[in-house]
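Scroll down for the structure; my scribbles are underneath it.
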Amino acid sequence: MEASTFCYDMGVGLIVVVLLLALTTWRFLNLLWFKPKKIEKLLRAQGLKGSRYKFMFGDMKEMAQMTRQARSKPIGLDDDIVVRVSPFVHKTVEAYGKICFTWMGSKSMVHIAEPAMAREILTNFSTFQKSRGANPLIRKLMKGLIDVEAEQWIKHRKIINPAFHPEKLKNIVPAFYMSCNEMIDKWGGMLTVKSSCEVDVWPYLQDMTNDVISRAVFGDSYEEGKKIFELQQKMIELVLKSAQSPYIPGLRFLPTEGNKKMKLISQKVTISINSIIDRRLLLTKAGKCDDNDLLGTLLNTSENEIIQDKNKNSGLKTEEIIEECKLFYLAGQETTRNLLVWTMVLLSQHTNWQTRARNEVLQVFGDKPPDFERLRRLKIVNMILSEVLRLYPPLTQIGRTVHKETKLGDLTLPSGTLLQINVLHLHHDRDIWGDDVKEFKPERFSESVAKVTGGQACYLPFSTGPRVCIGQNFAMLQAKMTIAMILQRFAFELSPSYSHAPHFVFTLQPQLGAYLILRKL
């Protein structure tokens, strides 16, 4: 009897195990094969063209291989940068059209290089929400305003907005001047004996923009802020190193050397910013706090929201303020330094425009330091910066996600579909900009951007719609002031050592530096 019961129990147990294995296998196969193939059939039935789904990895292997190959050598100054920066997307758009699909692992990605559909996506931020990176480690650098959605986004944006009001930006101009002047003095020191010298301006622009961000965020505490952002830079390097490896779910929780370093850095940054915040709060209570920097504005505006609504949830928590400071460091300095380096590279190629810009700067400022009010009078410089942002936009793509079945134009997209607006392709589209699309022609922007684009969403250096980059005025103001100060002191041209190698790492950067010949005026 006992033997029969044992055999019966064993049989039931075996059946349960087999059923669980069968269920697990089905879920695995459904997730990584049947569901993607069903979505592929659905997309093709709507007239979309795209790559065939490959089990588990989709197009990721080919994408990585093409990117490595493209980065292995520089290109000519007149070559199409799209082919080097986004080789896989370029190949895909050429083969399947401006609206097509590929595969990020088992997830379908619909590519958009068409203005009307790009506008529809970017103006409906509640429907088309921010994409989350495939590797969760990336989110360590991408929290704050850029990461929140719905009501949380509205609250964050409302509290952060005052920090970028023109009057607040006006107060930051002295910080721009001090940081830029230090960089220019270093370059001047190299020219005390020689009339010209070769300089890789890229690392100097990186240091200068880092210094500006430290002053803008922390004000009088900027020296401490610089140490915090040095730690943040180490975090960026570790995350980028991790992101280059295949993503393995759960790996970030293991006590690897890299994970332990990231955890330690994160703790140090949090403790340091917390310490500055505590001191600010004490000064505020004593009526001695200056809220002209970003941190002071966030603390002040957040507290005002709490008082006004009589609800502590109306303000930002300390950890949220810390994340906003970290995000501003990453986004603020990345965008501006990339705009500056490509402006210098292009003005080195097109010295006629460099001369025109310098004449305008000297006419407006002479040899005096640029000031906030008169920076607005730099029309030629503004045209140049606008054209640089067209040819070399900081972000080459904008990602969104469909969280439920959604209509987009004439398409019906299933839940989980990734969307990628290919900004670089829009900016380099011959059908939109004309046969001279690859040429540096600042005169395109002699009138307003809306006039140039006809109101189309084809010019997106800072995105558009409700989630347009909140720091674009900060970036443009800093860029104008820096270029004006450089033009007052130096002429510059490309060095024979310069290799043209734009590539994308968070933003569009010069992979092999930016070697220029500087001449003191």
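Naming scheme: A, B, ... for chains in displayed order of the structure tokens; residues 1 onward per chain; ligands 1 onward as shown.
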**Request:** Would you return as a PyMOL selection string the members of segment 413-488 of chain A that DSSP assigns to strand (DSSP E or B) on this structure's backbone?
**Result:** chain A and resi 413+418-421+461+463
**Asked** Can you list, as a PyMOL selection string, every protein, DNA or RNA residue that comes within 9 Å of Arg52 of chain A when you count only C-alpha atoms, leaving out same-chain residues fewer than 5 positions away?
**Response** chain A and resi 37+40+58-59+102-103
Keeping only N, CA and C atoms, write the selected residues to a file as an mmCIF file, in the first residue's frame.
data_model
loop_
_atom_site.group_PDB
_atom_site.id
_atom_site.type_symbol
_atom_site.label_atom_id
_atom_site.label_comp_id
_atom_site.auth_asym_id
_atom_site.auth_seq_id
_atom_site.Cartn_x
_atom_site.Cartn_y
_atom_site.Cartn_z
ATOM 1 N N LYS A 37 7.521 37.050 -33.939
ATOM 2 C CA LYS A 37 7.109 36.708 -35.313
ATOM 3 C C LYS A 37 5.685 37.177 -35.599
ATOM 4 N N GLU A 40 5.977 40.874 -36.165
ATOM 5 C CA GLU A 40 6.556 41.108 -37.490
ATOM 6 C C GLU A 40 5.494 40.965 -38.576
ATOM 7 N N GLY A 58 17.812 39.463 -32.389
ATOM 8 C CA GLY A 58 17.326 40.399 -33.392
ATOM 9 C C GLY A 58 18.460 40.911 -34.260
ATOM 10 N N ASP A 59 18.568 42.239 -34.362
ATOM 11 C CA ASP A 59 19.611 42.859 -35.202
ATOM 12 C C ASP A 59 20.811 43.349 -34.392
ATOM 13 N N THR A 102 13.178 47.452 -37.229
ATOM 14 C CA THR A 102 14.272 46.515 -36.969
ATOM 15 C C THR A 102 13.987 45.859 -35.612
ATOM 16 N N TRP A 103 14.986 45.152 -35.071
ATOM 17 C CA TRP A 103 14.769 44.394 -33.838
ATOM 18 C C TRP A 103 15.879 44.653 -32.828
#
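Distances here use only C-alpha atoms; by that measure, the residue among A:Ser446, A:Ser386, A:Gln478, A:Thr417 closest to Trp342 of chain A is A:Ser386.
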**Request:** Report the distance between atom CA of Lys186 of chain A and atom CA of Val199 of chain A in Å, rounded to one decimal place.
**Result:**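 A separation of 10.8 Å between them.
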**Message:** Taking the DSSP secondary structure from the backbone, can you list the residues of segment 295-424 of chain A that are alpha helix (DSSP H), as number ranges by chain?
**Reply:** A: 295-309, 318-349, 351-365, 372-375, 379-391, 423-424
Export, as a compact mmCIF listing (two decimals), in the first residue's frame, the selected residues with C-alpha atoms.
# COMPACT_ATOMS: atom_id res chain seq x y z
CA LEU A 295 20.67 73.95 -6.35
CA GLY A 296 19.46 77.07 -4.54
CA THR A 297 16.64 77.55 -7.05
CA LEU A 298 15.49 73.94 -6.74
CA LEU A 299 15.46 74.11 -2.94
CA ASN A 300 13.66 77.45 -2.90
CA THR A 301 11.05 76.59 -5.54
CA SER A 302 10.39 73.17 -4.03
CA GLU A 303 9.80 74.69 -0.60
CA ASN A 304 7.48 77.34 -2.07
CA GLU A 305 5.39 74.63 -3.73
CA ILE A 306 5.04 72.80 -0.42
CA ILE A 307 4.01 76.00 1.39
CA GLN A 308 1.57 77.03 -1.36
CA ASP A 309 -0.18 73.63 -1.57
CA THR A 318 16.18 65.38 -1.26
CA GLU A 319 17.06 62.32 -3.35
CA GLU A 320 15.11 63.78 -6.29
CA ILE A 321 17.03 67.05 -6.03
CA ILE A 322 20.28 65.07 -5.97
CA GLU A 323 19.27 63.24 -9.17
CA GLU A 324 18.39 66.53 -10.89
CA CYS A 325 21.85 67.92 -10.04
CA LYS A 326 23.52 64.79 -11.42
CA LEU A 327 21.39 64.89 -14.57
CA PHE A 328 22.15 68.57 -15.16
CA TYR A 329 25.86 67.77 -14.98
CA LEU A 330 25.56 65.04 -17.60
CA ALA A 331 23.13 66.79 -19.96
CA GLY A 332 24.44 70.34 -19.51
CA GLN A 333 28.09 69.81 -20.18
CA GLU A 334 27.66 67.10 -22.84
CA THR A 335 25.41 69.22 -25.05
CA THR A 336 27.42 72.44 -24.83
CA ARG A 337 30.88 70.97 -25.29
CA ASN A 338 29.75 69.07 -28.39
CA LEU A 339 28.22 72.19 -29.90
CA LEU A 340 31.44 74.09 -29.21
CA VAL A 341 33.86 71.51 -30.60
CA TRP A 342 31.98 71.05 -33.89
CA THR A 343 31.61 74.82 -34.22
CA MET A 344 35.38 75.23 -33.95
CA VAL A 345 35.98 72.38 -36.40
CA LEU A 346 33.58 73.83 -38.98
CA LEU A 347 34.86 77.40 -38.58
CA SER A 348 38.38 75.97 -39.07
CA GLN A 349 37.23 74.57 -42.41
CA THR A 351 37.44 80.52 -42.48
CA ASN A 352 35.26 83.00 -44.39
CA TRP A 353 32.50 82.39 -41.82
CA GLN A 354 35.04 82.56 -39.01
CA THR A 355 36.06 86.02 -40.26
CA ARG A 356 32.45 87.15 -40.55
CA ALA A 357 31.68 85.95 -37.03
CA ARG A 358 34.79 87.64 -35.60
CA ASN A 359 33.95 90.94 -37.29
CA GLU A 360 30.48 90.79 -35.75
CA VAL A 361 31.87 90.02 -32.28
CA LEU A 362 34.39 92.86 -32.48
CA GLN A 363 31.69 95.22 -33.70
CA VAL A 364 29.37 94.34 -30.80
CA PHE A 365 31.92 93.93 -27.97
CA PHE A 372 24.17 89.03 -21.40
CA GLU A 373 22.22 91.79 -23.17
CA ARG A 374 24.54 92.26 -26.13
CA LEU A 375 25.01 88.51 -26.72
CA LYS A 379 23.03 87.28 -35.47
CA ILE A 380 25.83 85.71 -37.53
CA VAL A 381 27.10 83.67 -34.56
CA ASN A 382 23.54 82.48 -33.94
CA MET A 383 23.19 81.41 -37.60
CA ILE A 384 26.47 79.49 -37.37
CA LEU A 385 25.46 77.68 -34.16
CA SER A 386 22.09 76.76 -35.67
CA GLU A 387 23.74 75.24 -38.75
CA VAL A 388 26.27 73.35 -36.58
CA LEU A 389 23.35 71.87 -34.62
CA ARG A 390 21.78 70.76 -37.90
CA LEU A 391 24.90 69.04 -39.20
CA VAL A 423 17.29 63.01 -35.81
CA LEU A 424 20.55 62.80 -37.76
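For segment 206-208 of chain A, the non-local neighbours within 7 Å, defined as residues at least 6 positions apart in the same chain or in other chains and counting only C-alpha atoms, are Ser179, Cys180, Met183 and Arg337 of chain A.
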**Asked** So which residues touch Lys61 of chain A within 12 Å, counting only C-alpha atoms, skipping near sequence neighbours fewer than 4 positions away, as a PyMOL selection string?
**Response** chain A and resi 54-57+65-68+88+103-105+245-246
**Request:** Have a look at atom CA of Leu521 of chain A and atom CA of Met481 of chain A and let me know their distance in Å, one decimal.
**Result:**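 Atom CA of Leu521 of chain A sits 18.0 Å away from atom CA of Met481 of chain A.
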**Item:** Atomic distance atom CA of Ala118 of chain A - atom CA of Lys441 of chain A, expressed in Å with one decimal
**Value:**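 Interatomic distance, atom CA of Ala118 of chain A to atom CA of Lys441 of chain A: 24.6 Å.
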**Prompt:** For Ala70 of chain A, which residue out of A:Pro502, A:Pro496, A:Gly455, A:Gly471 is the nearest one, using only C-alpha atoms?
**Reply:**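 Checking each of A:Pro502, A:Pro496, A:Gly455, A:Gly471 against Ala70 of chain A, counting only C-alpha atoms, the winner is A:Pro502.
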**Message:** Using only C-alpha atoms, can you tell me which of A:Arg215, A:Thr453, A:Gln420, A:Ile81 comes closest to Gln509 of chain A?
**Reply:**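 For Gln509 of chain A, the nearest of the candidates is A:Ile81.
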**Top pick for closest residue to Arg467 of chain A, considering A:Ile398, A:Arg71, A:Ile273, A:Pro166 and counting only C-alpha atoms** = A:Ile398
**Message:** Neighbouring residues of Phe164 of chain A were defined as those with any atom within 10 Å, considering only C-alpha atoms; residues of the same chain fewer than 6 positions away were excluded. Please report them as a list in words.
**Reply:**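 With the cut-off at 10 Å, the set is Lys170, Leu294, Thr297, Ile470, Gly471, Gln472, Asn473 and Phe474 of chain A.
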**Fill in**
Across A:Lys261, A:Arg119, A:His111, A:Lys234, the smallest distance to Gln397 of chain A, with only C-alpha atoms counted, is shown by A:His111
